[in-house]
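model34.cif follows; it contains mmCIF, C-alpha atoms.
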data_target
loop_
_atom_site.label_atom_id
_atom_site.label_comp_id
_atom_site.auth_asym_id
_atom_site.auth_seq_id
_atom_site.Cartn_x
_atom_site.Cartn_y
_atom_site.Cartn_z
CA MET A 1477 60.63 125.04 90.24
CA THR A 1478 62.90 122.06 90.87
CA PRO A 1479 66.29 123.22 92.17
CA LYS A 1480 69.34 122.02 90.24
CA LEU A 1481 72.95 121.76 91.26
CA SER A 1482 75.87 121.93 88.85
CA TRP A 1483 77.62 118.61 89.42
CA PRO A 1484 80.86 117.56 87.68
CA SER A 1485 80.21 117.15 83.96
CA GLU A 1486 81.35 113.53 83.96
CA VAL A 1487 78.75 112.59 86.56
CA LYS A 1488 75.80 114.72 85.38
CA PHE A 1489 73.90 114.46 88.64
CA CYS A 1490 70.51 116.08 89.10
CA LEU A 1491 69.40 116.76 92.65
CA LEU A 1492 65.65 116.84 93.21
CA SER A 1493 63.99 117.84 96.44
CA PHE A 1494 60.49 116.75 97.39
CA ARG A 1495 59.33 116.67 101.00
CA SER A 1496 62.94 116.32 102.23
CA THR A 1497 63.59 113.32 99.99
CA MET A 1498 66.87 113.63 98.12
CA VAL A 1499 67.29 111.83 94.81
CA VAL A 1500 70.44 111.57 92.73
CA VAL A 1501 70.18 110.41 89.12
CA ILE A 1502 72.93 109.60 86.63
CA PRO A 1503 70.90 109.29 83.43
CA ARG A 1504 73.79 109.15 80.95
CA LEU A 1505 75.16 105.99 82.55
CA LEU A 1506 71.96 104.06 83.07
CA ARG A 1507 70.81 103.57 79.47
CA GLY A 1508 67.19 104.42 80.10
CA SER A 1509 66.82 103.02 83.60
CA VAL A 1510 66.43 105.35 86.55
CA GLY A 1511 68.39 104.65 89.72
CA ALA A 1512 68.21 106.78 92.83
CA ILE A 1513 70.07 107.31 96.03
CA CYS A 1514 68.02 108.88 98.75
CA THR A 1515 67.03 108.64 102.36
CA GLN A 1516 63.79 106.90 101.42
CA ALA A 1517 64.21 105.63 97.86
CA ALA A 1518 66.02 102.65 96.32
CA PRO A 1519 69.82 102.84 95.89
CA LEU A 1520 71.52 103.51 92.58
CA ARG A 1521 73.15 100.45 91.02
CA LEU A 1522 75.61 100.75 88.16
CA THR A 1523 76.78 97.95 85.88
CA PRO A 1524 80.54 97.25 85.82
CA SER A 1525 80.82 98.79 82.35
CA ALA A 1526 79.01 101.92 83.52
CA LEU A 1527 81.30 102.16 86.54
CA ARG A 1528 84.36 101.96 84.31
CA HIS A 1529 82.85 104.66 82.10
CA LEU A 1530 82.16 106.87 85.11
CA THR A 1531 85.75 106.52 86.26
CA ARG A 1532 87.62 106.66 82.97
CA SER A 1533 85.61 109.48 81.42
CA SER A 1534 86.66 111.64 84.36
CA VAL A 1535 90.39 111.23 83.77
CA MET A 1536 92.11 114.56 83.21
CA LYS A 1537 93.94 114.59 79.88
CA SER A 1538 96.78 116.98 80.63
CA LYS A 1539 100.49 117.02 81.37
CA ARG A 1540 99.89 117.92 85.00
CA ARG A 1541 100.23 115.43 87.84
CA PRO A 1542 97.60 112.68 87.36
CA GLU A 1543 94.32 113.25 89.18
CA HIS A 1544 92.81 110.80 91.65
CA LEU A 1545 90.57 109.05 89.11
CA GLU A 1546 93.46 108.54 86.72
CA ARG A 1547 95.78 107.13 89.37
CA THR A 1548 93.10 104.74 90.60
CA ALA A 1549 91.37 103.91 87.30
CA ASP A 1550 92.09 100.19 87.65
CA VAL A 1551 91.30 99.94 91.36
CA VAL A 1552 88.16 98.08 92.43
CA ARG A 1553 85.21 100.27 93.38
CA GLN A 1554 81.77 99.55 94.79
CA GLU A 1555 78.71 99.93 92.61
CA VAL A 1556 76.86 102.26 94.96
CA VAL A 1557 77.26 106.01 94.44
CA SER A 1558 75.56 107.61 97.43
CA ALA A 1559 74.36 111.11 98.14
CA ALA A 1560 75.76 112.50 101.37
CA LYS A 1561 75.22 115.61 103.45
CA VAL A 1562 77.86 117.43 105.50
CA CYS A 1563 76.75 117.36 109.14
CA GLY A 1564 80.01 118.36 110.80
CA VAL A 1565 83.02 120.55 109.91
CA ALA A 1566 85.97 121.18 112.22
CA SER A 1567 89.65 122.10 112.09
CA GLU A 1568 91.71 119.06 113.02
CA SER A 1569 94.98 121.01 112.67
CA PRO A 1570 96.07 124.34 111.18
CA SER A 1571 96.11 122.70 107.73
CA VAL A 1572 93.51 119.92 107.97
CA LYS A 1573 89.70 120.08 107.97
CA ARG A 1574 87.64 117.20 109.31
CA LEU A 1575 84.25 116.43 107.76
CA ARG A 1576 81.45 114.25 109.06
CA LEU A 1577 79.06 113.07 106.34
CA LEU A 1578 75.60 111.58 106.69
CA VAL A 1579 75.35 108.93 103.97
CA ALA A 1580 71.93 108.45 102.40
CA ASP A 1581 72.19 104.99 100.86
CA LYS A 1582 71.65 102.19 103.36
CA ASP A 1583 73.65 99.81 101.15
CA PHE A 1584 76.74 102.01 101.22
CA SER A 1585 79.50 100.25 103.18
CA PHE A 1586 83.28 100.22 103.42
CA LYS A 1587 86.18 98.31 104.92
CA ALA A 1588 88.56 99.98 107.35
CA GLY A 1589 91.32 101.61 105.29
CA GLN A 1590 89.38 102.32 102.10
CA TRP A 1591 88.80 105.69 100.43
CA VAL A 1592 85.97 107.46 98.63
CA ASP A 1593 85.61 109.16 95.28
CA PHE A 1594 84.31 112.57 96.35
CA PHE A 1595 81.95 114.28 93.88
CA ILE A 1596 81.23 117.98 94.46
CA PRO A 1597 78.55 119.99 92.62
CA GLY A 1598 80.15 122.66 90.47
CA VAL A 1599 83.68 121.18 90.77
CA SER A 1600 84.89 119.33 87.69
CA VAL A 1601 87.69 117.46 89.46
CA VAL A 1602 86.77 114.42 91.57
CA GLY A 1603 88.51 114.13 94.93
CA GLY A 1604 89.89 111.01 96.55
CA PHE A 1605 89.96 110.94 100.35
CA SER A 1606 90.56 108.13 102.82
CA ILE A 1607 87.86 107.45 105.40
CA CYS A 1608 89.22 107.92 108.93
CA SER A 1609 86.24 106.63 110.89
CA SER A 1610 85.43 103.06 111.86
CA PRO A 1611 82.92 100.98 109.87
CA ARG A 1612 80.95 100.78 113.12
CA LEU A 1613 80.15 104.51 113.02
CA LEU A 1614 78.54 103.96 109.63
CA GLU A 1615 76.66 100.89 110.85
CA GLN A 1616 75.29 102.68 113.90
CA GLU A 1617 74.81 106.27 112.74
CA ARG A 1618 75.09 106.16 108.89
CA MET A 1619 78.06 108.53 109.08
CA ILE A 1620 81.64 108.58 107.84
CA GLU A 1621 84.49 110.98 108.59
CA LEU A 1622 87.19 112.42 106.33
CA ALA A 1623 90.19 114.62 107.13
CA VAL A 1624 91.47 116.72 104.23
CA LYS A 1625 94.72 118.66 104.10
CA HIS A 1626 94.70 122.11 102.51
CA ALA A 1627 96.11 121.99 98.99
CA ASN A 1628 95.89 123.93 95.75
CA HIS A 1629 93.55 121.28 94.36
CA PRO A 1630 89.88 121.97 93.57
CA PRO A 1631 88.25 119.37 95.89
CA ALA A 1632 90.53 120.31 98.82
CA LEU A 1633 90.02 124.03 98.18
CA TRP A 1634 86.25 123.53 98.16
CA ILE A 1635 86.38 121.69 101.49
CA HIS A 1636 88.52 124.39 103.12
CA ASN A 1637 86.89 127.47 101.59
CA GLN A 1638 83.28 126.68 100.63
CA CYS A 1639 82.04 123.57 102.41
CA THR A 1640 79.47 124.27 105.13
CA LEU A 1641 76.95 122.36 107.20
CA ASP A 1642 74.28 120.81 104.93
CA SER A 1643 76.48 120.97 101.81
CA GLU A 1644 75.54 118.10 99.51
CA VAL A 1645 78.06 115.79 97.84
CA ALA A 1646 78.19 112.22 96.53
CA VAL A 1647 80.59 109.44 97.50
CA ARG A 1648 81.65 106.04 96.21
CA VAL A 1649 83.95 103.58 98.01
CA GLY A 1650 87.09 102.15 96.46
CA GLY A 1651 90.50 100.83 97.39
CA GLU A 1652 92.40 97.62 97.97
CA PHE A 1653 94.13 98.78 101.17
CA PHE A 1654 92.03 97.57 104.08
CA PHE A 1655 91.83 95.43 107.22
CA ASP A 1656 88.76 93.21 107.28
CA PRO A 1657 89.34 90.09 109.41
CA LYS A 1658 86.81 87.30 109.71
CA PRO A 1659 85.96 85.36 112.92
CA GLU A 1660 87.59 82.22 111.53
CA ASP A 1661 90.90 84.01 110.82
CA ALA A 1662 93.91 83.54 113.08
CA SER A 1663 94.58 86.41 115.49
CA ARG A 1664 97.03 88.95 114.03
CA ASN A 1665 99.18 91.72 115.43
CA LEU A 1666 99.14 95.00 113.50
CA VAL A 1667 101.89 97.57 113.01
CA LEU A 1668 100.55 100.79 111.50
CA ILE A 1669 103.14 103.19 110.03
CA ALA A 1670 101.77 106.66 109.20
CA GLY A 1671 103.26 109.82 107.77
CA GLY A 1672 101.36 113.11 107.87
CA VAL A 1673 97.81 112.93 106.56
CA GLY A 1674 98.51 109.24 105.79
CA ILE A 1675 97.13 108.65 109.29
CA ASN A 1676 93.58 108.71 107.87
CA PRO A 1677 93.16 105.11 106.65
CA LEU A 1678 95.32 103.82 109.51
CA LEU A 1679 93.12 105.56 112.06
CA SER A 1680 90.14 103.81 110.50
CA ILE A 1681 91.98 100.49 110.89
CA LEU A 1682 93.00 101.35 114.47
CA ARG A 1683 89.44 102.25 115.41
CA HIS A 1684 88.11 99.10 113.76
CA ALA A 1685 90.64 96.95 115.63
CA ALA A 1686 89.59 98.63 118.90
CA ASP A 1687 85.92 97.96 118.12
CA LEU A 1688 86.67 94.31 117.38
CA HIS A 1689 88.70 93.90 120.57
CA GLY A 1690 85.97 95.57 122.63
CA GLU A 1691 83.35 93.22 121.23
CA TRP A 1692 85.55 90.19 121.91
CA ALA A 1693 86.28 91.34 125.48
CA ARG A 1694 82.61 92.04 126.26
CA LYS A 1695 80.87 89.21 124.44
CA GLY A 1696 83.55 86.66 123.62
CA ARG A 1697 82.56 86.65 119.96
CA GLY A 1698 83.59 88.19 116.67
CA CYS A 1699 87.30 88.51 115.82
CA GLU A 1700 90.05 87.96 118.35
CA MET A 1701 92.69 90.67 117.95
CA GLY A 1702 96.38 90.64 118.73
CA THR A 1703 98.25 93.83 119.60
CA VAL A 1704 98.23 97.05 117.58
CA ARG A 1705 101.23 99.38 117.42
CA LEU A 1706 100.94 102.78 115.75
CA LEU A 1707 104.08 104.62 114.61
CA TYR A 1708 103.07 108.08 113.43
CA SER A 1709 105.35 110.83 112.10
CA ALA A 1710 104.53 114.48 111.40
CA LYS A 1711 106.33 117.80 111.20
CA ASP A 1712 105.33 118.87 114.72
CA THR A 1713 102.73 118.12 117.36
CA SER A 1714 100.23 120.55 115.83
CA GLU A 1715 100.20 118.35 112.72
CA LEU A 1716 99.70 115.10 114.62
CA LEU A 1717 96.08 114.53 113.69
CA PHE A 1718 93.61 112.84 116.04
CA LYS A 1719 96.19 112.56 118.83
CA LYS A 1720 93.53 112.79 121.54
CA ASN A 1721 91.40 110.10 119.88
CA ILE A 1722 94.46 107.88 119.53
CA LEU A 1723 95.54 108.32 123.15
CA ASP A 1724 91.98 107.63 124.32
CA LEU A 1725 92.19 104.23 122.60
CA VAL A 1726 95.65 103.58 124.09
CA ASN A 1727 94.26 104.32 127.56
CA GLU A 1728 91.13 102.25 126.98
CA PHE A 1729 93.07 99.19 125.80
CA PRO A 1730 96.57 99.55 127.32
CA GLU A 1731 97.41 95.87 126.89
CA LYS A 1732 96.37 95.83 123.25
CA ILE A 1733 97.10 99.26 121.72
CA ALA A 1734 100.30 101.31 121.87
CA CYS A 1735 101.52 104.34 119.94
CA SER A 1736 104.68 106.30 119.28
CA PHE A 1737 104.46 109.82 117.87
CA HIS A 1738 107.46 111.17 115.95
CA VAL A 1739 108.04 114.87 115.20
CA THR A 1740 110.71 116.01 112.74
CA LYS A 1741 110.64 119.83 112.98
CA GLN A 1742 109.32 120.66 116.43
CA THR A 1743 110.04 124.28 117.42
CA THR A 1744 107.74 124.70 120.43
CA GLN A 1745 107.60 123.03 123.83
CA ILE A 1746 105.85 119.67 123.88
CA SER A 1747 102.96 119.46 126.35
CA ALA A 1748 103.30 117.24 129.40
CA ASP A 1749 100.46 114.93 128.38
CA LEU A 1750 102.09 114.22 125.01
CA ARG A 1751 105.72 114.02 126.15
CA PRO A 1752 105.64 110.29 127.13
CA TYR A 1753 104.55 109.37 123.60
CA ILE A 1754 106.84 111.70 121.61
CA THR A 1755 110.14 110.90 119.92
CA GLU A 1756 111.93 113.72 118.15
CA GLY A 1757 113.18 112.46 114.80
CA ARG A 1758 111.94 110.12 112.09
CA ILE A 1759 110.65 106.58 112.50
CA THR A 1760 113.68 104.29 112.32
CA GLU A 1761 114.27 100.92 110.70
CA LYS A 1762 115.08 99.43 114.12
CA GLU A 1763 111.67 100.37 115.48
CA ILE A 1764 110.07 98.52 112.61
CA ARG A 1765 112.33 95.46 112.90
CA ASP A 1766 111.58 95.17 116.62
CA HIS A 1767 107.98 94.29 115.77
CA ILE A 1768 108.53 91.70 113.07
CA SER A 1769 106.92 88.33 113.72
CA LYS A 1770 105.07 85.72 111.69
CA GLU A 1771 101.78 86.87 113.29
CA THR A 1772 102.23 90.56 112.37
CA LEU A 1773 100.73 92.50 109.47
CA PHE A 1774 102.23 95.85 108.46
CA TYR A 1775 100.13 98.70 107.08
CA ILE A 1776 101.97 101.77 105.73
CA CYS A 1777 100.50 105.04 104.47
CA GLY A 1778 102.31 108.28 103.85
CA PRO A 1779 104.31 110.17 101.22
CA PRO A 1780 105.57 107.84 98.45
CA PRO A 1781 109.28 108.01 99.50
CA MET A 1782 108.40 106.97 103.04
CA THR A 1783 106.07 104.21 101.88
CA ASP A 1784 108.66 102.87 99.44
CA PHE A 1785 111.42 102.95 102.05
CA PHE A 1786 109.59 101.00 104.74
CA SER A 1787 108.00 98.47 102.39
CA LYS A 1788 111.46 97.67 100.93
CA GLU A 1789 112.97 97.55 104.41
CA LEU A 1790 110.36 95.00 105.50
CA GLU A 1791 110.91 92.91 102.38
CA SER A 1792 114.66 92.93 103.00
CA SER A 1793 113.92 91.71 106.54
CA ARG A 1794 112.10 88.74 104.98
CA VAL A 1795 108.60 89.80 105.91
CA PRO A 1796 106.28 88.01 103.44
CA ARG A 1797 104.91 90.39 100.82
CA GLU A 1798 101.35 89.37 101.69
CA HIS A 1799 102.00 90.74 105.21
CA ILE A 1800 102.95 94.20 103.88
CA CYS A 1801 100.11 96.51 102.83
CA PHE A 1802 100.74 100.07 101.70
CA GLU A 1803 98.92 103.06 100.28
CA LYS A 1804 100.55 106.09 98.67
CA TRP A 1805 98.92 109.51 98.80
CA TRP A 1806 100.30 112.30 96.70
#
Using the file provided, produce a representation of the structure as structure tokens.
Amino acid sequence: MTPKLSWPSEVKFCLLSFRSTMVVVIPRLLRGSVGAICTQAAPLRLTPSALRHLTRSSVMKSKRRPEHLERTADVVRQEVVSAAKVCGVASESPSVKRLRLLVADKDFSFKAGQWVDFFIPGVSVVGGFSICSSPRLLEQERMIELAVKHANHPPALWIHNQCTLDSEVAVRVGGEFFFDPKPEDASRNLVLIAGGVGINPLLSILRHAADLHGEWARKGRGCEMGTVRLLYSAKDTSELLFKKNILDLVNEFPEKIACSFHVTKQTTQISADLRPYITEGRITEKEIRDHISKETLFYICGPPPMTDFFSKELESSRVPREHICFEKWW
């Protein structure tokens, strides 16, 4: 008997297994054609009208806070919806789980800073989570990483309470917040301003910038990078996600990458290895203004009040709007 999984009703996926080949079909959207995403089969392609239908038909019609698909209904998405398998689960902090996903479709790609629609079998609500890994990890190993904060929201609850190794999901890339320089572009400095779990897309950008700089330093080709400065605020050091990964990059490229961690409610002693990078208190306007230049791009991701505050502060300091990129996560 062919095993079936109960996918969200708006996506109507059927998962078929045959000699370890995984196939995902969305018959209602394909008007008679059969598309598949699998480790050995051809990728699923959706027409723009079908993609809009997939997104808009999933919008929750209630008075509650808008769901991910509703908030992002008009945001550009890729055509590929790929099956993915969980191949790593770890606690990144007391409230955040990190997932590593093996992506089946070889045409699945993303730009540093983008997010995925996250489809879970048996869960009617579609999640939206920023990718925190570099595009290079996907290119080399066909994997992406997500870090999801615990919340009373079905996709987050599933990740924290039910997700295990080999769990099967589906993902689709979207988002207009990204860093994707071309070799012919002028070298740019980056200032990355993160609050809480808003570090996720900025870590992807930081890792991508480090990969680009490493390639330029080793081979003298690709994209020449300027400096990268990360300003990252969280409640306390236990909630500073990926701090070891970040400091490893700072130590690998000390002339190119720098970071400043801010903690707002620290109640325990700060470890000696973190102390040089820690400031107690919020990120200040002066810190931001100190890094303004015509060669600098600013990327901001955090709670909406923080994002609004710093984007307006930069505009008032006459930073061109096209040099200010921000993403709000709710």
Taking 2 positions as the minimum chain separation for residues in the same chain, which residues sit within 12 Å of stretch 1687-1697 of chain A when counting all atoms listed in the file? Answer as an MDAnalysis selection string. chainID A and resid 1588 1609:1613 1655:1660 1663:1665 1680:1685 1699:1704 1725 1728:1733
Output of the PyMOL selection byres ((chain A and resi 1599) around 8), listed as a short mmCIF file (atom, residue, chain, number, x, y, z; two decimals) with C-alpha atoms, keeping the file's coordinate frame:
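Result written to part32.cif:
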data_model
loop_
_atom_site.label_atom_id
_atom_site.label_comp_id
_atom_site.auth_asym_id
_atom_site.auth_seq_id
_atom_site.Cartn_x
_atom_site.Cartn_y
_atom_site.Cartn_z
CA TRP A 1483 77.62 118.61 89.42
CA PRO A 1484 80.86 117.56 87.68
CA PHE A 1595 81.95 114.28 93.88
CA ILE A 1596 81.23 117.98 94.46
CA PRO A 1597 78.55 119.99 92.62
CA GLY A 1598 80.15 122.66 90.47
CA SER A 1600 84.89 119.33 87.69
CA VAL A 1601 87.69 117.46 89.46
CA VAL A 1602 86.77 114.42 91.57
CA PRO A 1630 89.88 121.97 93.57
CA PRO A 1631 88.25 119.37 95.89
#
Applied to the shown file, which residues does the PyMOL selection byres ((chain A and resi 1638-1652) around 6) return, written as a PyMOL selection string? chain A and resi 1552-1554+1557-1563+1590-1596+1634-1635+1637+1653
Hey, what's within 9 Å of stretch 1774-1785 of chain A if we count all atoms listed in the file and toss same-chain stuff fewer than 4 positions away? As a list in words, please? Phe1653, Phe1654, Phe1655, Asn1665, Leu1666, Val1667, Leu1668, Ile1669, Ala1670, Gly1671, Gly1672, Val1673, Gly1674, Ile1675, Asn1676, Pro1677, Leu1678, Ile1768, Glu1789, Leu1790, His1799, Ile1800, Cys1801, Phe1802, Glu1803, Lys1804, Trp1805 and Trp1806 of chain A
Selection file, C-alpha atoms, as a JSON list (two decimals), in the coordinates of the input:
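The new file selection30.json reads:
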[["chain", "number", "residue", "atom", "x", "y", "z"],
["A", 1653, "PHE", "CA", 94.13, 98.78, 101.17],
["A", 1654, "PHE", "CA", 92.03, 97.57, 104.08],
["A", 1655, "PHE", "CA", 91.83, 95.43, 107.22],
["A", 1665, "ASN", "CA", 99.18, 91.72, 115.43],
["A", 1666, "LEU", "CA", 99.14, 95.00, 113.50],
["A", 1667, "VAL", "CA", 101.89, 97.57, 113.01],
["A", 1668, "LEU", "CA", 100.55, 100.79, 111.50],
["A", 1669, "ILE", "CA", 103.14, 103.19, 110.03],
["A", 1670, "ALA", "CA", 101.77, 106.66, 109.20],
["A", 1671, "GLY", "CA", 103.26, 109.82, 107.77],
["A", 1672, "GLY", "CA", 101.36, 113.11, 107.87],
["A", 1673, "VAL", "CA", 97.81, 112.93, 106.56],
["A", 1674, "GLY", "CA", 98.51, 109.24, 105.79],
["A", 1675, "ILE", "CA", 97.13, 108.65, 109.29],
["A", 1676, "ASN", "CA", 93.58, 108.71, 107.87],
["A", 1677, "PRO", "CA", 93.16, 105.11, 106.65],
["A", 1678, "LEU", "CA", 95.32, 103.82, 109.51],
["A", 1768, "ILE", "CA", 108.53, 91.70, 113.07],
["A", 1789, "GLU", "CA", 112.97, 97.55, 104.41],
["A", 1790, "LEU", "CA", 110.36, 95.00, 105.50],
["A", 1799, "HIS", "CA", 102.00, 90.74, 105.21],
["A", 1800, "ILE", "CA", 102.95, 94.20, 103.88],
["A", 1801, "CYS", "CA", 100.11, 96.51, 102.83],
["A", 1802, "PHE", "CA", 100.74, 100.07, 101.70],
["A", 1803, "GLU", "CA", 98.92, 103.06, 100.28],
["A", 1804, "LYS", "CA", 100.55, 106.09, 98.67],
["A", 1805, "TRP", "CA", 98.92, 109.51, 98.80],
["A", 1806, "TRP", "CA", 100.30, 112.30, 96.70]]
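The residue that comes closest to A:Leu1717, out of A:Asn1628, A:Ser1567, A:Ser1769, A:Ser1787 and on the basis of all atoms listed in the file, is A:Ser1567.
Going from atom CA of A:Glu1761 to atom CA of A:Phe1786 covers 7.6 Å.
Across the model, the gap from atom CA of A:His1544 to atom CA of A:Pro1570 is 24.0 Å.
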Tell me which protein, DNA and RNA residues are within 12 Å of A:Glu1615, counting all atoms listed in the file, leaving out same-chain ones fewer than 6 positions away, and put them as an mmCIF file with C-alpha atoms, in the frame of the given file.
data_model
loop_
_atom_site.group_PDB
_atom_site.id
_atom_site.type_symbol
_atom_site.label_atom_id
_atom_site.label_comp_id
_atom_site.auth_asym_id
_atom_site.auth_seq_id
_atom_site.Cartn_x
_atom_site.Cartn_y
_atom_site.Cartn_z
ATOM 1 C CA LEU A 1578 75.600 111.580 106.690
ATOM 2 C CA VAL A 1579 75.350 108.930 103.970
ATOM 3 C CA ASP A 1581 72.190 104.990 100.860
ATOM 4 C CA LYS A 1582 71.650 102.190 103.360
ATOM 5 C CA ASP A 1583 73.650 99.810 101.150
ATOM 6 C CA PHE A 1584 76.740 102.010 101.220
ATOM 7 C CA SER A 1585 79.500 100.250 103.180
ATOM 8 C CA PHE A 1586 83.280 100.220 103.420
ATOM 9 C CA LYS A 1587 86.180 98.310 104.920
ATOM 10 C CA SER A 1609 86.240 106.630 110.890
ATOM 11 C CA HIS A 1684 88.110 99.100 113.760
#
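Between atom CA of A:Ile1746 and atom CA of A:Lys1573 the interatomic distance comes to 22.7 Å.
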Need to verify the contact set: A:Thr1744, 10 Å, all atoms listed in the file, exclusion of same-chain residues closer than 2 positions in sequence. Can you return it as a PyMOL selection string? chain A and resi 1712-1714+1741-1742+1746-1747
List the residues sitting within 8 Å of (76.8, 110.3, 112.6) in the file's frame, using all atoms listed in the file, as an NGL selection string. :A and (1563 or 1576-1578 or 1613-1614 or 1616-1620)
For stretch 1569-1586 of chain A of the structure just presented, write N, CA, C and O atoms to a file, as an mmCIF file, in the first residue's frame.
data_model
loop_
_atom_site.group_PDB
_atom_site.id
_atom_site.type_symbol
_atom_site.label_atom_id
_atom_site.label_comp_id
_atom_site.auth_asym_id
_atom_site.auth_seq_id
_atom_site.Cartn_x
_atom_site.Cartn_y
_atom_site.Cartn_z
ATOM 1 N N SER A 1569 19.428 27.604 21.641
ATOM 2 C CA SER A 1569 19.303 28.337 22.902
ATOM 3 C C SER A 1569 18.153 27.696 23.666
ATOM 4 O O SER A 1569 17.494 26.787 23.154
ATOM 5 N N PRO A 1570 17.886 28.135 24.888
ATOM 6 C CA PRO A 1570 16.753 27.541 25.616
ATOM 7 C C PRO A 1570 15.423 27.667 24.887
ATOM 8 O O PRO A 1570 14.504 26.879 25.143
ATOM 9 N N SER A 1571 15.283 28.623 23.978
ATOM 10 C CA SER A 1571 13.992 28.836 23.308
ATOM 11 C C SER A 1571 14.039 28.658 21.799
ATOM 12 O O SER A 1571 13.029 28.855 21.131
ATOM 13 N N VAL A 1572 15.182 28.269 21.245
ATOM 14 C CA VAL A 1572 15.330 28.204 19.786
ATOM 15 C C VAL A 1572 15.866 26.841 19.359
ATOM 16 O O VAL A 1572 16.890 26.363 19.883
ATOM 17 N N LYS A 1573 15.178 26.215 18.403
ATOM 18 C CA LYS A 1573 15.631 24.968 17.795
ATOM 19 C C LYS A 1573 16.235 25.251 16.425
ATOM 20 O O LYS A 1573 15.687 26.043 15.648
ATOM 21 N N ARG A 1574 17.353 24.599 16.144
ATOM 22 C CA ARG A 1574 17.990 24.724 14.843
ATOM 23 C C ARG A 1574 17.750 23.452 14.035
ATOM 24 O O ARG A 1574 17.941 22.341 14.536
ATOM 25 N N LEU A 1575 17.318 23.622 12.789
ATOM 26 C CA LEU A 1575 17.077 22.499 11.887
ATOM 27 C C LEU A 1575 18.049 22.546 10.733
ATOM 28 O O LEU A 1575 18.354 23.616 10.201
ATOM 29 N N ARG A 1576 18.501 21.386 10.313
ATOM 30 C CA ARG A 1576 19.239 21.261 9.052
ATOM 31 C C ARG A 1576 18.404 20.385 8.124
ATOM 32 O O ARG A 1576 17.990 19.286 8.507
ATOM 33 N N LEU A 1577 18.136 20.900 6.926
ATOM 34 C CA LEU A 1577 17.263 20.215 5.975
ATOM 35 C C LEU A 1577 18.036 19.831 4.723
ATOM 36 O O LEU A 1577 18.771 20.653 4.158
ATOM 37 N N LEU A 1578 17.846 18.596 4.288
ATOM 38 C CA LEU A 1578 18.377 18.144 3.008
ATOM 39 C C LEU A 1578 17.307 18.406 1.958
ATOM 40 O O LEU A 1578 16.209 17.858 2.023
ATOM 41 N N VAL A 1579 17.620 19.254 0.986
ATOM 42 C CA VAL A 1579 16.655 19.690 -0.017
ATOM 43 C C VAL A 1579 16.761 18.804 -1.246
ATOM 44 O O VAL A 1579 17.849 18.611 -1.802
ATOM 45 N N ALA A 1580 15.625 18.277 -1.698
ATOM 46 C CA ALA A 1580 15.636 17.284 -2.771
ATOM 47 C C ALA A 1580 15.857 17.890 -4.154
ATOM 48 O O ALA A 1580 16.592 17.337 -4.973
ATOM 49 N N ASP A 1581 15.222 19.018 -4.424
ATOM 50 C CA ASP A 1581 15.231 19.571 -5.778
ATOM 51 C C ASP A 1581 16.555 20.275 -6.076
ATOM 52 O O ASP A 1581 16.941 21.221 -5.393
ATOM 53 N N LYS A 1582 17.230 19.846 -7.112
ATOM 54 C CA LYS A 1582 18.525 20.420 -7.466
ATOM 55 C C LYS A 1582 18.396 21.839 -8.009
ATOM 56 O O LYS A 1582 19.391 22.570 -8.081
ATOM 57 N N ASP A 1583 17.198 22.257 -8.393
ATOM 58 C CA ASP A 1583 16.991 23.619 -8.879
ATOM 59 C C ASP A 1583 16.567 24.587 -7.772
ATOM 60 O O ASP A 1583 16.387 25.778 -8.027
ATOM 61 N N PHE A 1584 16.409 24.092 -6.580
ATOM 62 C CA PHE A 1584 16.088 24.944 -5.437
ATOM 63 C C PHE A 1584 17.310 25.793 -5.106
ATOM 64 O O PHE A 1584 18.418 25.285 -4.961
ATOM 65 N N SER A 1585 17.127 27.104 -5.005
ATOM 66 C CA SER A 1585 18.233 28.001 -4.658
ATOM 67 C C SER A 1585 17.677 29.181 -3.875
ATOM 68 O O SER A 1585 16.464 29.407 -3.839
ATOM 69 N N PHE A 1586 18.561 29.941 -3.234
ATOM 70 C CA PHE A 1586 18.124 31.123 -2.505
ATOM 71 C C PHE A 1586 19.262 32.130 -2.452
ATOM 72 O O PHE A 1586 20.425 31.806 -2.708
#
